[in-house]
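Scroll down for the structure; my scribbles are underneath it.
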Amino acid sequence: MQSNDVGLNNLDDAGLIDADRSLLLIIDFQQRLMPAIHDGAAVLRNAVILAQAAKMLAIPALATEQYPRGLGHTAPELANLYLDCVEKSTFGSCGTPAFGAALTRLSPCSAPTLLVCGCEAHVCVLQTTLQLQAEGFDVRVVVDAVGSRTVQSKDIALQRMAGAGISLVTTEMVVFEWLRDAQHAQFRALSALIK
């Protein structure tokens, strides 16, 4: 008979998000698009929390901009929180070679977990996540940090991604799984962002 602590050595295999294996993808939070996004202020606020947490925890972040000449550049609240941005015309980011190159360069390991936030949920976020999943990546969509112009479009996109096996998470789930412990050196600073 085995002891009562059987399996406790496998906590890292519990499906939790590991900060050391994470990469944050910030898709198309652009100045001219955000005013049209349903509940856009809250979606942007959560994306900023994720980007701030990633920066504080030294987690790489990669942003995209869809046709910035038409939609403008990334919202300034986010733009100063990362260094890497790829301009694209394809709706699915994987269709832009520079995106794949940046993803490879920034990945913290050979099989990273990709945390995805962005707009619009039913277009660029959906196409990007399905492409990334098809490439074999572990993709998690942060539902309160993605948006569309209509609630219906966002809801159907989330249903479609979940139906395809993509994990749905929230901003708080991500931050607290990155931390794992209230004794983490960044716990107070990051929990203050969420309040």
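Residue numbering restarts at 1 in every chain; chains get A, B, ... in the order shown in the structure tokens, and ligands count up from 1 in that same order.
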### Query
Which polymer residues have any atom within 12 Å of an atom of Leu83 in chain A, counting only C-alpha atoms, with same-chain residues fewer than 4 positions away left out, as a ChimeraX atom specification?
/A:26,51,55,59-64,74,78-79,102,106
### Task
From the DSSP assignment of the backbone, select every residue of range 6-153 of chain A that is helix (DSSP H, G or I), and format the answer as a VMD selection string.
chain A and resid 8 to 13 19 to 21 34 to 36 40 to 56 68 to 71 76 to 79 93 to 95 97 to 106 121 to 134 151 to 153
Quick one: write out the picked residues with C-alpha atoms as a PDB file, in the first residue's frame?
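File again-v4.pdb, as written:
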```pdb
ATOM      1  CA  LEU A   8       1.550  15.014  -4.842  1.00  0.00           C
ATOM      2  CA  ASN A   9       4.808  15.082  -6.766  1.00  0.00           C
ATOM      3  CA  ASN A  10       2.915  15.657 -10.015  1.00  0.00           C
ATOM      4  CA  LEU A  11       1.359  19.047  -9.196  1.00  0.00           C
ATOM      5  CA  ASP A  12       2.934  20.646 -12.269  1.00  0.00           C
ATOM      6  CA  ASP A  13       0.994  18.201 -14.435  1.00  0.00           C
ATOM      7  CA  ALA A  19       4.658  31.033 -15.632  1.00  0.00           C
ATOM      8  CA  ASP A  20       7.958  29.565 -16.830  1.00  0.00           C
ATOM      9  CA  ARG A  21       6.268  28.104 -19.930  1.00  0.00           C
ATOM     10  CA  MET A  34     -11.604  49.640 -29.190  1.00  0.00           C
ATOM     11  CA  PRO A  35     -14.478  52.186 -29.056  1.00  0.00           C
ATOM     12  CA  ALA A  36     -16.612  49.773 -31.112  1.00  0.00           C
ATOM     13  CA  GLY A  40     -14.323  47.544 -24.472  1.00  0.00           C
ATOM     14  CA  ALA A  41     -13.075  49.396 -21.381  1.00  0.00           C
ATOM     15  CA  ALA A  42     -13.309  46.254 -19.231  1.00  0.00           C
ATOM     16  CA  VAL A  43     -11.737  44.073 -21.931  1.00  0.00           C
ATOM     17  CA  LEU A  44      -8.839  46.525 -22.273  1.00  0.00           C
ATOM     18  CA  ARG A  45      -8.462  46.815 -18.485  1.00  0.00           C
ATOM     19  CA  ASN A  46      -8.052  43.025 -18.197  1.00  0.00           C
ATOM     20  CA  ALA A  47      -5.551  42.955 -21.042  1.00  0.00           C
ATOM     21  CA  VAL A  48      -3.544  45.658 -19.269  1.00  0.00           C
ATOM     22  CA  ILE A  49      -3.578  43.591 -16.060  1.00  0.00           C
ATOM     23  CA  LEU A  50      -2.278  40.582 -17.976  1.00  0.00           C
ATOM     24  CA  ALA A  51       0.436  42.640 -19.666  1.00  0.00           C
ATOM     25  CA  GLN A  52       1.487  44.252 -16.375  1.00  0.00           C
ATOM     26  CA  ALA A  53       1.617  40.864 -14.661  1.00  0.00           C
ATOM     27  CA  ALA A  54       3.614  39.384 -17.531  1.00  0.00           C
ATOM     28  CA  LYS A  55       6.073  42.256 -17.375  1.00  0.00           C
ATOM     29  CA  MET A  56       6.497  41.937 -13.591  1.00  0.00           C
ATOM     30  CA  PRO A  68      -2.628  49.801 -38.370  1.00  0.00           C
ATOM     31  CA  ARG A  69      -2.945  52.421 -41.132  1.00  0.00           C
ATOM     32  CA  GLY A  70      -6.696  51.853 -40.964  1.00  0.00           C
ATOM     33  CA  LEU A  71      -7.264  50.770 -37.354  1.00  0.00           C
ATOM     34  CA  PRO A  76      -1.437  53.397 -25.383  1.00  0.00           C
ATOM     35  CA  GLU A  77      -2.352  51.692 -22.081  1.00  0.00           C
ATOM     36  CA  LEU A  78      -0.921  48.490 -23.550  1.00  0.00           C
ATOM     37  CA  ALA A  79       1.681  49.785 -25.970  1.00  0.00           C
ATOM     38  CA  SER A  93      -1.825  35.766 -37.091  1.00  0.00           C
ATOM     39  CA  CYS A  94      -0.159  32.534 -38.218  1.00  0.00           C
ATOM     40  CA  GLY A  95      -0.649  33.593 -41.835  1.00  0.00           C
ATOM     41  CA  PRO A  97       5.524  34.949 -41.423  1.00  0.00           C
ATOM     42  CA  ALA A  98       6.826  37.650 -39.060  1.00  0.00           C
ATOM     43  CA  PHE A  99       4.402  36.397 -36.398  1.00  0.00           C
ATOM     44  CA  GLY A 100       5.779  32.865 -36.550  1.00  0.00           C
ATOM     45  CA  ALA A 101       9.340  34.162 -36.386  1.00  0.00           C
ATOM     46  CA  ALA A 102       8.562  36.349 -33.361  1.00  0.00           C
ATOM     47  CA  LEU A 103       6.726  33.510 -31.637  1.00  0.00           C
ATOM     48  CA  THR A 104       9.713  31.212 -32.094  1.00  0.00           C
ATOM     49  CA  ARG A 105      12.144  33.880 -30.895  1.00  0.00           C
ATOM     50  CA  LEU A 106      10.131  34.785 -27.776  1.00  0.00           C
ATOM     51  CA  ALA A 121     -13.000  37.373 -30.634  1.00  0.00           C
ATOM     52  CA  HIS A 122     -14.864  36.010 -33.659  1.00  0.00           C
ATOM     53  CA  VAL A 123     -12.311  37.064 -36.280  1.00  0.00           C
ATOM     54  CA  CYS A 124      -8.612  37.491 -35.470  1.00  0.00           C
ATOM     55  CA  VAL A 125      -8.681  35.802 -32.049  1.00  0.00           C
ATOM     56  CA  LEU A 126     -10.684  32.823 -33.329  1.00  0.00           C
ATOM     57  CA  GLN A 127      -8.605  32.294 -36.462  1.00  0.00           C
ATOM     58  CA  THR A 128      -5.313  32.725 -34.596  1.00  0.00           C
ATOM     59  CA  THR A 129      -6.210  30.320 -31.782  1.00  0.00           C
ATOM     60  CA  LEU A 130      -7.472  27.631 -34.143  1.00  0.00           C
ATOM     61  CA  GLN A 131      -4.304  27.948 -36.236  1.00  0.00           C
ATOM     62  CA  LEU A 132      -2.067  27.789 -33.160  1.00  0.00           C
ATOM     63  CA  GLN A 133      -3.912  24.763 -31.820  1.00  0.00           C
ATOM     64  CA  ALA A 134      -3.535  23.047 -35.207  1.00  0.00           C
ATOM     65  CA  VAL A 151     -22.065  39.979 -27.463  1.00  0.00           C
ATOM     66  CA  GLN A 152     -23.385  37.296 -29.822  1.00  0.00           C
ATOM     67  CA  SER A 153     -20.202  37.285 -31.910  1.00  0.00           C
TER      68      SER A 153
END
```
### Message
Nearest residue to Glu135 in chain A out of A:Tyr82, A:Pro112, A:Arg180, A:Lys154, using only C-alpha atoms?
### Response
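Smallest separation from Glu135 in chain A among the options: A:Pro112.
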### Task
Give me, please, the distance in Å between CA of Phe29 in chain A and CA of Gly136 in chain A, quoted to one decimal.
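These two atoms are separated by 25.2 Å.
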### Message
Which of range 86-131 of chain A end up as strand (DSSP E or B) when DSSP is run on this backbone - answer as a VMD selection string?
### Response
chain A and resid 86 to 88 113 to 119
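Near Trp178 in chain A, within a cut-off of 7 Å and counting only C-alpha atoms, sit the residues Ile17, Asp18, Ala19, Val174, Val175, Phe176 and Arg180 of chain A, with same-chain residues fewer than 2 positions away left out.
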If you keep C-alpha atoms, can you produce a file of those selected residues as a compact mmCIF listing (two decimals), in the first residue's frame?
```txt
# COMPACT_ATOMS: atom_id res chain seq x y z
CA ILE A 17 -0.71 27.54 -16.20
CA ASP A 18 3.04 27.59 -15.56
CA ALA A 19 4.66 31.03 -15.63
CA VAL A 174 -4.01 33.38 -15.18
CA VAL A 175 -2.47 35.76 -12.64
CA PHE A 176 -2.98 33.47 -9.65
CA ARG A 180 0.90 29.85 -7.34
```
### Message
Report, in Å with one decimal, the straight-line distance from CA of Leu114 in chain A to CA of Glu87 in chain A.
### Response
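A separation of 18.8 Å between them.
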### Query
Just how far from CA of Asp84 in chain A is CA of Val139 in chain A, in Å to one decimal?
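Rounded to one decimal, the two atoms are 19.3 Å apart.
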### Query
Between A:Leu179, A:Ala145, A:Ala75, A:Val86, which one has atoms that come closest to Leu115 in chain A, using only C-alpha atoms?
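Of all the options, A:Ala145 lies closest to Leu115 in chain A.
Comparing the minimum interatomic distances between Glu65 in chain A and each of A:Ser22, A:Gln30, A:Ser148, A:Thr171, counting only C-alpha atoms, we find that A:Gln30 sits nearest.
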### Task
List the neighbours of Thr150 in chain A out to 9 Å using only C-alpha atoms; skip same-chain residues closer than 5 positions along the sequence, and give me the result as a PyMOL selection string.
chain A and resi 36-38+155
Limited to N, CA, C and O atoms, could you put the picked residues into a file as a compact mmCIF listing (two decimals), in the first residue's frame?
```
# COMPACT_ATOMS: atom_id res chain seq x y z
N ALA A 36 -15.51 50.56 -30.56
CA ALA A 36 -16.61 49.77 -31.11
C ALA A 36 -16.81 48.45 -30.38
O ALA A 36 -17.83 47.78 -30.59
N ILE A 37 -15.87 48.06 -29.53
CA ILE A 37 -15.94 46.76 -28.86
C ILE A 37 -16.91 46.81 -27.70
O ILE A 37 -16.85 47.72 -26.86
N HIS A 38 -17.82 45.83 -27.64
CA HIS A 38 -18.77 45.77 -26.53
C HIS A 38 -18.01 45.61 -25.21
O HIS A 38 -17.15 44.73 -25.09
N ASP A 155 -19.73 35.45 -27.89
CA ASP A 155 -20.23 34.20 -27.30
C ASP A 155 -20.06 33.02 -28.25
O ASP A 155 -19.62 31.94 -27.84
```
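Distances from A:Cys85, A:Arg160, A:Val169, A:Ala58 to Pro108 in chain A were compared using only C-alpha atoms, and the smallest one belongs to A:Ala58.
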### Task
Identify, on the basis of only C-alpha atoms, every residue whose closest approach to Val142 in chain A does not exceed 6 Å; exclude the query and any residue fewer than 5 positions from it along the same chain; express the result as JSON, numbers by chain.
{"A": [116, 117, 169, 170]}
